[in-house]
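A.B. asks: This is data.cif, which holds mmCIF, N, CA and C atoms:
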```
data_final
#
loop_
_atom_site.group_PDB
_atom_site.id
_atom_site.type_symbol
_atom_site.label_atom_id
_atom_site.label_comp_id
_atom_site.auth_asym_id
_atom_site.auth_seq_id
_atom_site.Cartn_x
_atom_site.Cartn_y
_atom_site.Cartn_z
ATOM 1 N N MET A 1 -0.854 13.748 1.156
ATOM 2 C CA MET A 1 0.154 12.804 0.771
ATOM 3 C C MET A 1 1.471 13.569 0.592
ATOM 4 N N SER A 2 2.537 12.979 1.070
ATOM 5 C CA SER A 2 3.852 13.587 0.913
ATOM 6 C C SER A 2 4.677 12.787 -0.083
ATOM 7 N N LYS A 3 5.818 13.325 -0.472
ATOM 8 C CA LYS A 3 6.676 12.618 -1.434
ATOM 9 C C LYS A 3 7.294 11.353 -0.834
ATOM 10 N N THR A 4 7.237 11.208 0.480
ATOM 11 C CA THR A 4 7.801 10.023 1.130
ATOM 12 C C THR A 4 6.737 9.182 1.828
ATOM 13 N N HIS A 5 5.487 9.318 1.410
ATOM 14 C CA HIS A 5 4.359 8.641 2.056
ATOM 15 C C HIS A 5 4.476 7.117 1.989
ATOM 16 N N LEU A 6 4.832 6.595 0.818
ATOM 17 C CA LEU A 6 4.744 5.164 0.567
ATOM 18 C C LEU A 6 5.969 4.672 -0.191
ATOM 19 N N GLU A 7 6.427 3.503 0.200
ATOM 20 C CA GLU A 7 7.494 2.808 -0.527
ATOM 21 C C GLU A 7 6.866 1.558 -1.131
ATOM 22 N N PHE A 8 7.313 1.160 -2.308
ATOM 23 C CA PHE A 8 6.820 -0.080 -2.898
ATOM 24 C C PHE A 8 7.941 -0.731 -3.693
ATOM 25 N N GLY A 9 7.769 -2.019 -3.937
ATOM 26 C CA GLY A 9 8.781 -2.744 -4.691
ATOM 27 C C GLY A 9 8.309 -4.134 -5.043
ATOM 28 N N LEU A 10 9.202 -4.872 -5.679
ATOM 29 C CA LEU A 10 8.918 -6.251 -6.078
ATOM 30 C C LEU A 10 9.827 -7.206 -5.332
ATOM 31 N N GLU A 11 9.259 -8.318 -4.929
ATOM 32 C CA GLU A 11 10.011 -9.423 -4.355
ATOM 33 C C GLU A 11 9.580 -10.656 -5.139
ATOM 34 N N GLY A 12 10.425 -11.095 -6.065
ATOM 35 C CA GLY A 12 10.011 -12.126 -7.013
ATOM 36 C C GLY A 12 8.935 -11.540 -7.905
ATOM 37 N N ASP A 13 7.783 -12.188 -7.967
ATOM 38 C CA ASP A 13 6.648 -11.693 -8.749
ATOM 39 C C ASP A 13 5.639 -10.921 -7.901
ATOM 40 N N ASP A 14 5.935 -10.743 -6.622
ATOM 41 C CA ASP A 14 4.990 -10.111 -5.700
ATOM 42 C C ASP A 14 5.294 -8.623 -5.511
ATOM 43 N N LEU A 15 4.238 -7.793 -5.581
ATOM 44 C CA LEU A 15 4.353 -6.372 -5.294
ATOM 45 C C LEU A 15 4.111 -6.170 -3.809
ATOM 46 N N TRP A 16 4.937 -5.348 -3.161
ATOM 47 C CA TRP A 16 4.720 -5.019 -1.761
ATOM 48 C C TRP A 16 4.658 -3.499 -1.602
ATOM 49 N N ILE A 17 3.978 -3.071 -0.527
ATOM 50 C CA ILE A 17 3.902 -1.660 -0.163
ATOM 51 C C ILE A 17 4.330 -1.516 1.289
ATOM 52 N N CYS A 18 4.809 -0.319 1.630
ATOM 53 C CA CYS A 18 5.227 -0.044 3.003
ATOM 54 C C CYS A 18 4.968 1.422 3.303
ATOM 55 N N ASP A 19 4.140 1.703 4.299
ATOM 56 C CA ASP A 19 3.895 3.075 4.727
ATOM 57 C C ASP A 19 5.168 3.603 5.387
ATOM 58 N N ARG A 20 5.588 4.808 5.007
ATOM 59 C CA ARG A 20 6.836 5.399 5.491
ATOM 60 C C ARG A 20 6.582 6.368 6.646
ATOM 61 N N TYR A 21 5.769 5.928 7.620
ATOM 62 C CA TYR A 21 5.448 6.728 8.800
ATOM 63 C C TYR A 21 4.750 8.030 8.413
ATOM 64 N N SER A 22 3.800 7.902 7.485
ATOM 65 C CA SER A 22 3.055 9.064 7.000
ATOM 66 C C SER A 22 2.064 9.552 8.056
ATOM 67 N N GLY A 23 1.646 10.786 7.910
ATOM 68 C CA GLY A 23 0.669 11.356 8.838
ATOM 69 C C GLY A 23 -0.738 10.830 8.619
ATOM 70 N N ASN A 24 -1.090 10.521 7.360
ATOM 71 C CA ASN A 24 -2.455 10.086 7.031
ATOM 72 C C ASN A 24 -2.612 8.583 6.917
ATOM 73 N N GLY A 25 -1.537 7.849 6.915
ATOM 74 C CA GLY A 25 -1.607 6.396 6.852
ATOM 75 C C GLY A 25 -1.872 5.850 5.464
ATOM 76 N N THR A 26 -1.814 4.530 5.374
ATOM 77 C CA THR A 26 -2.031 3.794 4.128
ATOM 78 C C THR A 26 -3.001 2.656 4.408
ATOM 79 N N VAL A 27 -3.970 2.493 3.518
ATOM 80 C CA VAL A 27 -4.957 1.424 3.665
ATOM 81 C C VAL A 27 -4.966 0.588 2.394
ATOM 82 N N ALA A 28 -4.838 -0.736 2.541
ATOM 83 C CA ALA A 28 -4.939 -1.666 1.413
ATOM 84 C C ALA A 28 -6.343 -2.262 1.425
ATOM 85 N N ARG A 29 -7.026 -2.175 0.278
ATOM 86 C CA ARG A 29 -8.397 -2.669 0.151
ATOM 87 C C ARG A 29 -8.444 -3.729 -0.947
ATOM 88 N N PRO A 30 -8.206 -5.000 -0.578
ATOM 89 C CA PRO A 30 -8.226 -6.062 -1.586
ATOM 90 C C PRO A 30 -9.613 -6.220 -2.205
ATOM 91 N N LEU A 31 -9.645 -6.553 -3.487
ATOM 92 C CA LEU A 31 -10.898 -6.786 -4.193
ATOM 93 C C LEU A 31 -11.639 -7.935 -3.515
ATOM 94 N N GLY A 32 -12.827 -7.661 -3.014
ATOM 95 C CA GLY A 32 -13.631 -8.684 -2.352
ATOM 96 C C GLY A 32 -13.153 -9.050 -0.965
ATOM 97 N N GLY A 33 -12.188 -8.290 -0.419
ATOM 98 C CA GLY A 33 -11.638 -8.608 0.899
ATOM 99 C C GLY A 33 -11.884 -7.493 1.904
ATOM 100 N N THR A 34 -11.236 -7.592 3.034
ATOM 101 C CA THR A 34 -11.372 -6.633 4.113
ATOM 102 C C THR A 34 -10.256 -5.598 4.060
ATOM 103 N N ALA A 35 -10.607 -4.336 4.214
ATOM 104 C CA ALA A 35 -9.617 -3.260 4.222
ATOM 105 C C ALA A 35 -8.667 -3.448 5.404
ATOM 106 N N ARG A 36 -7.390 -3.110 5.170
ATOM 107 C CA ARG A 36 -6.379 -3.276 6.212
ATOM 108 C C ARG A 36 -5.553 -1.994 6.327
ATOM 109 N N GLN A 37 -5.562 -1.396 7.516
ATOM 110 C CA GLN A 37 -4.696 -0.252 7.805
ATOM 111 C C GLN A 37 -3.272 -0.784 7.913
ATOM 112 N N CYS A 38 -2.367 -0.233 7.139
ATOM 113 C CA CYS A 38 -0.986 -0.722 7.121
ATOM 114 C C CYS A 38 -0.184 -0.116 8.269
ATOM 115 N N GLU A 39 0.472 -0.968 9.008
ATOM 116 C CA GLU A 39 1.352 -0.528 10.082
ATOM 117 C C GLU A 39 2.607 0.084 9.461
ATOM 118 N N ALA A 40 2.978 1.271 9.908
ATOM 119 C CA ALA A 40 4.145 1.961 9.353
ATOM 120 C C ALA A 40 5.413 1.122 9.518
ATOM 121 N N GLY A 41 6.227 1.102 8.457
ATOM 122 C CA GLY A 41 7.493 0.388 8.493
ATOM 123 C C GLY A 41 7.406 -1.094 8.176
ATOM 124 N N ARG A 42 6.200 -1.610 7.963
ATOM 125 C CA ARG A 42 6.012 -3.040 7.676
ATOM 126 C C ARG A 42 5.577 -3.224 6.225
ATOM 127 N N ARG A 43 6.150 -4.211 5.567
ATOM 128 C CA ARG A 43 5.788 -4.500 4.177
ATOM 129 C C ARG A 43 4.541 -5.380 4.100
ATOM 130 N N TYR A 44 3.682 -5.050 3.125
ATOM 131 C CA TYR A 44 2.468 -5.824 2.880
ATOM 132 C C TYR A 44 2.428 -6.208 1.408
ATOM 133 N N ARG A 45 2.213 -7.484 1.139
ATOM 134 C CA ARG A 45 2.053 -7.950 -0.233
ATOM 135 C C ARG A 45 0.668 -7.549 -0.712
ATOM 136 N N VAL A 46 0.598 -6.997 -1.924
ATOM 137 C CA VAL A 46 -0.690 -6.606 -2.484
ATOM 138 C C VAL A 46 -0.895 -7.314 -3.817
ATOM 139 N N GLU A 47 -2.090 -7.802 -4.014
ATOM 140 C CA GLU A 47 -2.434 -8.539 -5.227
ATOM 141 C C GLU A 47 -3.146 -7.624 -6.212
ATOM 142 N N ARG A 48 -3.200 -8.070 -7.453
ATOM 143 C CA ARG A 48 -3.953 -7.337 -8.480
ATOM 144 C C ARG A 48 -5.377 -7.117 -8.013
ATOM 145 N N GLY A 49 -5.899 -5.947 -8.329
ATOM 146 C CA GLY A 49 -7.265 -5.612 -7.926
ATOM 147 C C GLY A 49 -7.342 -4.878 -6.602
ATOM 148 N N THR A 50 -6.228 -4.813 -5.871
ATOM 149 C CA THR A 50 -6.221 -4.110 -4.587
ATOM 150 C C THR A 50 -6.220 -2.606 -4.818
ATOM 151 N N ARG A 51 -7.029 -1.901 -4.043
ATOM 152 C CA ARG A 51 -7.011 -0.434 -4.039
ATOM 153 C C ARG A 51 -6.163 -0.017 -2.851
ATOM 154 N N VAL A 52 -5.225 0.887 -3.073
ATOM 155 C CA VAL A 52 -4.353 1.381 -2.010
ATOM 156 C C VAL A 52 -4.661 2.858 -1.786
ATOM 157 N N ASP A 53 -5.139 3.178 -0.571
ATOM 158 C CA ASP A 53 -5.445 4.561 -0.197
ATOM 159 C C ASP A 53 -4.219 5.168 0.462
ATOM 160 N N ILE A 54 -3.779 6.315 -0.058
ATOM 161 C CA ILE A 54 -2.649 7.041 0.525
ATOM 162 C C ILE A 54 -3.104 8.482 0.754
ATOM 163 N N GLY A 55 -3.441 8.767 2.014
ATOM 164 C CA GLY A 55 -4.025 10.070 2.320
ATOM 165 C C GLY A 55 -5.378 10.172 1.643
ATOM 166 N N ASP A 56 -5.615 11.263 0.913
ATOM 167 C CA ASP A 56 -6.902 11.425 0.216
ATOM 168 C C ASP A 56 -6.801 11.003 -1.250
ATOM 169 N N GLN A 57 -5.715 10.348 -1.611
ATOM 170 C CA GLN A 57 -5.508 9.823 -2.964
ATOM 171 C C GLN A 57 -5.536 8.291 -2.915
ATOM 172 N N TRP A 58 -5.641 7.659 -4.075
ATOM 173 C CA TRP A 58 -5.624 6.194 -4.123
ATOM 174 C C TRP A 58 -5.172 5.743 -5.505
ATOM 175 N N PHE A 59 -4.740 4.471 -5.563
ATOM 176 C CA PHE A 59 -4.435 3.847 -6.840
ATOM 177 C C PHE A 59 -4.842 2.381 -6.787
ATOM 178 N N ASP A 60 -5.122 1.820 -7.969
ATOM 179 C CA ASP A 60 -5.455 0.408 -8.088
ATOM 180 C C ASP A 60 -4.254 -0.356 -8.594
ATOM 181 N N VAL A 61 -4.013 -1.524 -8.031
ATOM 182 C CA VAL A 61 -2.946 -2.406 -8.495
ATOM 183 C C VAL A 61 -3.526 -3.252 -9.629
ATOM 184 N N SER A 62 -2.902 -3.169 -10.804
ATOM 185 C CA SER A 62 -3.411 -3.948 -11.928
ATOM 186 C C SER A 62 -2.304 -4.736 -12.606
#
```
Please lay out the structure from this file as structure tokens.
C.D. replies:
Amino acid sequence: MSKTHLEFGLEGDDLWICDRYSGNGTVARPLGGTARQCEAGRRYRVERGTRVDIGDQWFDVS
């Protein structure tokens, strides 16, 4: 993971993530849903309970 791997922010009450053209990619894993490889440069809305994989690290949205 690099210091510029992932961008995130709020739009209204919604949290979004955006892969910043990282080498290892970003994967969003919604609770009870299907994992999605994030396309670099595109914003994805993430809901509470989603696990976000960034390289060999991860965080949960709560």
A.B. asks: Return as JSON, numbers by chain the set of residues that the PyMOL selection byres ((chain A and resi 44-58) around 6) yields on the displayed structure.
C.D. replies: {"A": [1, 15, 16, 17, 18, 24, 25, 26, 27, 28, 29, 30, 31, 42, 43, 59, 60, 61, 62]}
A.B. asks: Identify all residues of chain A in strand (DSSP E or B) (DSSP on the backbone) and supply them as number ranges by chain.
C.D. replies: A: 6-11, 14-19, 26-29, 36-37, 43-46, 51-54, 57-60
A.B. asks: Go through A:Ala40, A:Gly9, A:Ala35, A:Thr4 and flag the residue nearest Tyr21 in chain A, using only C-alpha atoms for the distances.
C.D. replies: A:Ala40
A.B. asks: Just give me the gap between atom C of Gly23 in chain A and CA of Glu11 in chain A in Å, one decimal is fine.
C.D. replies: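 We find that atom C of Gly23 in chain A and CA of Glu11 in chain A lie 26.3 Å from each other.
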A.B. asks: So what do you get for CA of Leu10 in chain A versus atom C of Gly41 in chain A, distance-wise?
C.D. replies: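 Answer for the CA of Leu10 in chain A to atom C of Gly41 in chain A separation: 15.2 Å.
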A.B. asks: Between CA of His5 in chain A and atom C of Gln37 in chain A, what is the distance in Å, rounded to a tenth?
C.D. replies: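 Here the two named atoms are 13.5 Å from each other.
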